[in-house]
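Okay, structure first, notes after.
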Amino acid sequence: MIEVEIRVRVNDLEEIKEKLEVLGAKFLKKEKQVDKIFGHKMFLDSENMIVEKGIVPRIRQKAEKIILEFKEICRDGAGFEIKSFLTDIPLGVKFLERLGFKEAFTVSKEREEYSFGDLNICLDFVEGLGNFIEVEKMISSLDKKEEAKIECMNLFDKMNLEFKLEPRKYGDLIQEKINKGEKI
């Protein structure tokens, strides 16, 4: 499957929750996610930023689940994902290291998920970065990408939100802070 996602930085997640409730979005769950992000020199530029179409593995821990994910980084909002469950984190780290990946940093976030039709809406507080909304839609082929992006952006219009898209991934934003010597 291909994930199409639109990300927007926001100030007030409570206001967004109220607007989602008015629209009739369905609350799904609230969880803490901790992602260990890995990089490989083949997919990094001179500033340790993931190159477009590069592959990023992460080990995500949420509740009792540990998931190894490989994501294609497409800042235009549509990249493939492959996921597999792990029994423990050290096993996943060892596997990725044997493939030549090195642990880069950790992304921790509090996430509330909602659904609205076939859209998935994530309200995220990301440690060191702030508040974001991600609107996601899964598609089966790239020829549906533009239609899915429009559908995702229309949700912001339905909520009467003025917004500025954030094309960078959370990993990009954290790596930029690392490059500037800022604390995460």
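Convention: chains lettered A, B, ... in structure tokens order; per-chain residue numbering from 1; ligands numbered from 1 as shown.
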
Range 7-13 of chain A environment, 9 Å, only C-alpha atoms, sequence neighbours closer than 6 positions dropped, as a ChimeraX atom specification:
/A:77,123-125,130-136,163-169

Produce a file of the selected residues containing N, CA and C atoms, as a short mmCIF file (atom, residue, chain, number, x, y, z; two decimals), in the first residue's frame.
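Final output, result_22.cif:
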data_model
loop_
_atom_site.label_atom_id
_atom_site.label_comp_id
_atom_site.auth_asym_id
_atom_site.auth_seq_id
_atom_site.Cartn_x
_atom_site.Cartn_y
_atom_site.Cartn_z
N GLY A 77 4.53 13.51 -0.27
CA GLY A 77 3.40 12.93 0.45
C GLY A 77 2.97 11.53 0.08
N LEU A 123 -3.43 13.54 15.54
CA LEU A 123 -3.05 14.75 16.26
C LEU A 123 -1.84 14.39 17.09
N ASP A 124 -0.71 15.00 16.76
CA ASP A 124 0.56 14.62 17.37
C ASP A 124 1.16 15.75 18.18
N PHE A 125 1.62 15.42 19.39
CA PHE A 125 2.54 16.28 20.12
C PHE A 125 3.88 15.57 20.04
N GLY A 130 6.74 20.10 18.79
CA GLY A 130 5.46 20.75 18.99
C GLY A 130 4.29 19.96 18.46
N ASN A 131 3.22 20.68 18.08
CA ASN A 131 1.94 20.09 17.70
C ASN A 131 1.76 20.04 16.18
N PHE A 132 1.22 18.92 15.72
CA PHE A 132 1.00 18.71 14.29
C PHE A 132 -0.30 17.95 14.07
N ILE A 133 -0.85 18.10 12.87
CA ILE A 133 -1.93 17.24 12.38
C ILE A 133 -1.39 16.54 11.15
N GLU A 134 -1.59 15.23 11.08
CA GLU A 134 -1.31 14.48 9.86
C GLU A 134 -2.63 13.89 9.39
N VAL A 135 -2.94 14.11 8.13
CA VAL A 135 -4.11 13.50 7.51
C VAL A 135 -3.57 12.52 6.48
N GLU A 136 -3.99 11.25 6.61
CA GLU A 136 -3.43 10.19 5.79
C GLU A 136 -4.53 9.42 5.06
N PHE A 163 -4.06 27.03 7.07
CA PHE A 163 -2.96 26.13 7.31
C PHE A 163 -1.82 26.36 6.34
N LYS A 164 -0.65 25.98 6.78
CA LYS A 164 0.54 25.96 5.94
C LYS A 164 1.10 24.55 6.01
N LEU A 165 1.22 23.92 4.87
CA LEU A 165 1.72 22.56 4.83
C LEU A 165 3.14 22.49 5.36
N GLU A 166 3.45 21.42 6.07
CA GLU A 166 4.81 21.14 6.53
C GLU A 166 5.30 19.93 5.73
N PRO A 167 6.08 20.17 4.67
CA PRO A 167 6.49 19.06 3.82
C PRO A 167 7.55 18.15 4.46
N ARG A 168 8.23 18.68 5.46
CA ARG A 168 9.30 17.89 6.08
C ARG A 168 8.72 16.86 7.04
N LYS A 169 9.35 15.71 7.07
CA LYS A 169 8.99 14.64 8.01
C LYS A 169 9.51 15.03 9.39
#

Neighbours of Leu68 in chain A within 10 Å (only C-alpha atoms; same-chain residues fewer than 5 positions away dropped), as a PyMOL selection string?
chain A and resi 35-36+57-61+82-86+89+92-93+96

Would you mind exporting N, CA and C atoms of the selected residues as a PDB file, in the first residue's frame?
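In the end it all went to out.pdb:
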ATOM      1  N   ASP A  35       9.888   6.043  18.418  1.00  0.00           N
ATOM      2  CA  ASP A  35      10.500   5.518  17.196  1.00  0.00           C
ATOM      3  C   ASP A  35      12.011   5.680  17.241  1.00  0.00           C
ATOM      4  N   LYS A  36      12.724   4.587  17.096  1.00  0.00           N
ATOM      5  CA  LYS A  36      14.168   4.638  16.884  1.00  0.00           C
ATOM      6  C   LYS A  36      14.356   4.738  15.374  1.00  0.00           C
ATOM      7  N   PRO A  57      14.488   2.939   7.921  1.00  0.00           N
ATOM      8  CA  PRO A  57      13.867   1.990   8.840  1.00  0.00           C
ATOM      9  C   PRO A  57      13.659   2.645  10.204  1.00  0.00           C
ATOM     10  N   ARG A  58      12.640   2.192  10.887  1.00  0.00           N
ATOM     11  CA  ARG A  58      12.427   2.627  12.254  1.00  0.00           C
ATOM     12  C   ARG A  58      11.888   1.443  13.041  1.00  0.00           C
ATOM     13  N   ILE A  59      12.194   1.475  14.316  1.00  0.00           N
ATOM     14  CA  ILE A  59      11.609   0.512  15.234  1.00  0.00           C
ATOM     15  C   ILE A  59      10.666   1.315  16.102  1.00  0.00           C
ATOM     16  N   ARG A  60       9.384   1.007  15.987  1.00  0.00           N
ATOM     17  CA  ARG A  60       8.345   1.753  16.706  1.00  0.00           C
ATOM     18  C   ARG A  60       7.824   0.899  17.861  1.00  0.00           C
ATOM     19  N   GLN A  61       7.820   1.515  19.032  1.00  0.00           N
ATOM     20  CA  GLN A  61       7.208   0.866  20.181  1.00  0.00           C
ATOM     21  C   GLN A  61       5.975   1.663  20.555  1.00  0.00           C
ATOM     22  N   ILE A  82       6.620  -0.842   4.490  1.00  0.00           N
ATOM     23  CA  ILE A  82       6.605  -2.278   4.762  1.00  0.00           C
ATOM     24  C   ILE A  82       6.777  -2.434   6.263  1.00  0.00           C
ATOM     25  N   LYS A  83       5.932  -3.264   6.896  1.00  0.00           N
ATOM     26  CA  LYS A  83       5.948  -3.414   8.348  1.00  0.00           C
ATOM     27  C   LYS A  83       6.025  -4.881   8.732  1.00  0.00           C
ATOM     28  N   SER A  84       6.690  -5.119   9.876  1.00  0.00           N
ATOM     29  CA  SER A  84       6.738  -6.459  10.440  1.00  0.00           C
ATOM     30  C   SER A  84       6.855  -6.338  11.957  1.00  0.00           C
ATOM     31  N   PHE A  85       6.221  -7.245  12.672  1.00  0.00           N
ATOM     32  CA  PHE A  85       6.288  -7.215  14.131  1.00  0.00           C
ATOM     33  C   PHE A  85       7.576  -7.867  14.611  1.00  0.00           C
ATOM     34  N   LEU A  86       8.106  -7.337  15.707  1.00  0.00           N
ATOM     35  CA  LEU A  86       9.306  -7.871  16.340  1.00  0.00           C
ATOM     36  C   LEU A  86       8.967  -8.383  17.732  1.00  0.00           C
ATOM     37  N   ILE A  89      13.265  -5.204  20.857  1.00  0.00           N
ATOM     38  CA  ILE A  89      13.981  -4.117  20.185  1.00  0.00           C
ATOM     39  C   ILE A  89      15.426  -4.483  19.856  1.00  0.00           C
ATOM     40  N   GLY A  92      15.776  -6.253  16.573  1.00  0.00           N
ATOM     41  CA  GLY A  92      15.589  -5.363  15.424  1.00  0.00           C
ATOM     42  C   GLY A  92      16.800  -4.487  15.172  1.00  0.00           C
ATOM     43  N   VAL A  93      17.393  -3.963  16.239  1.00  0.00           N
ATOM     44  CA  VAL A  93      18.591  -3.123  16.102  1.00  0.00           C
ATOM     45  C   VAL A  93      19.722  -3.939  15.473  1.00  0.00           C
ATOM     46  N   LEU A  96      19.099  -4.480  11.731  1.00  0.00           N
ATOM     47  CA  LEU A  96      19.351  -3.273  10.926  1.00  0.00           C
ATOM     48  C   LEU A  96      20.846  -2.966  10.845  1.00  0.00           C
TER      49      LEU A  96
END

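The shortest atom-to-atom distance to Phe70 in chain A, with only C-alpha atoms taken into account, belongs to A:Val56 out of A:Val51, A:Met42, A:Val56, A:Ile178.
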
Interface rows for range 12-42 of chain A against range 102-111 of chain A: nearest pair, Å to one decimal, 12 Å, only C-alpha atoms, as CSV:
residue,atom,partner,partner_atom,distance
A:Leu13,CA,A:Arg111,CA,10.7
A:Phe27,CA,A:Arg111,CA,11.5
A:Leu28,CA,A:Arg111,CA,10.6
A:Lys29,CA,A:Arg111,CA,8.2
A:Lys30,CA,A:Arg111,CA,5.7
A:Glu31,CA,A:Arg111,CA,5.4
A:Lys32,CA,A:Glu110,CA,4.5
A:Gln33,CA,A:Lys109,CA,5.4
A:Val34,CA,A:Ser108,CA,4.5
A:Asp35,CA,A:Val107,CA,5.1
A:Lys36,CA,A:Thr106,CA,4.6
A:Ile37,CA,A:Phe105,CA,5.5
A:Phe38,CA,A:Glu103,CA,4.3
A:Gly39,CA,A:Lys102,CA,5.4
A:His40,CA,A:Lys102,CA,6.4
A:Lys41,CA,A:Lys102,CA,8.9
A:Met42,CA,A:Lys102,CA,11.6

Please save C-alpha atoms of the selected residues as a PDB file, in the first residue's frame.
ATOM      1  CA  LEU A  13      -4.690  20.576  19.445  1.00  0.00           C
ATOM      2  CA  PHE A  27     -11.989   8.922  17.913  1.00  0.00           C
ATOM      3  CA  LEU A  28      -9.941   5.715  17.593  1.00  0.00           C
ATOM      4  CA  LYS A  29      -7.199   5.748  20.207  1.00  0.00           C
ATOM      5  CA  LYS A  30      -4.594   7.655  22.140  1.00  0.00           C
ATOM      6  CA  GLU A  31      -1.078   6.297  22.479  1.00  0.00           C
ATOM      7  CA  LYS A  32       2.554   7.128  23.025  1.00  0.00           C
ATOM      8  CA  GLN A  33       4.868   6.149  20.189  1.00  0.00           C
ATOM      9  CA  VAL A  34       8.634   5.948  20.479  1.00  0.00           C
ATOM     10  CA  ASP A  35      10.500   5.518  17.196  1.00  0.00           C
ATOM     11  CA  LYS A  36      14.168   4.638  16.884  1.00  0.00           C
ATOM     12  CA  ILE A  37      15.186   6.060  13.514  1.00  0.00           C
ATOM     13  CA  PHE A  38      18.049   4.555  11.507  1.00  0.00           C
ATOM     14  CA  GLY A  39      20.076   5.842   8.579  1.00  0.00           C
ATOM     15  CA  HIS A  40      22.347   4.342   5.939  1.00  0.00           C
ATOM     16  CA  LYS A  41      25.042   6.312   4.105  1.00  0.00           C
ATOM     17  CA  MET A  42      23.503   5.225   0.801  1.00  0.00           C
TER      18      MET A  42
END

Would you compute the distance between CA of Ile66 in chain A and CA of Leu91 in chain A? Give it in Å to one decimal.
10.7 Å
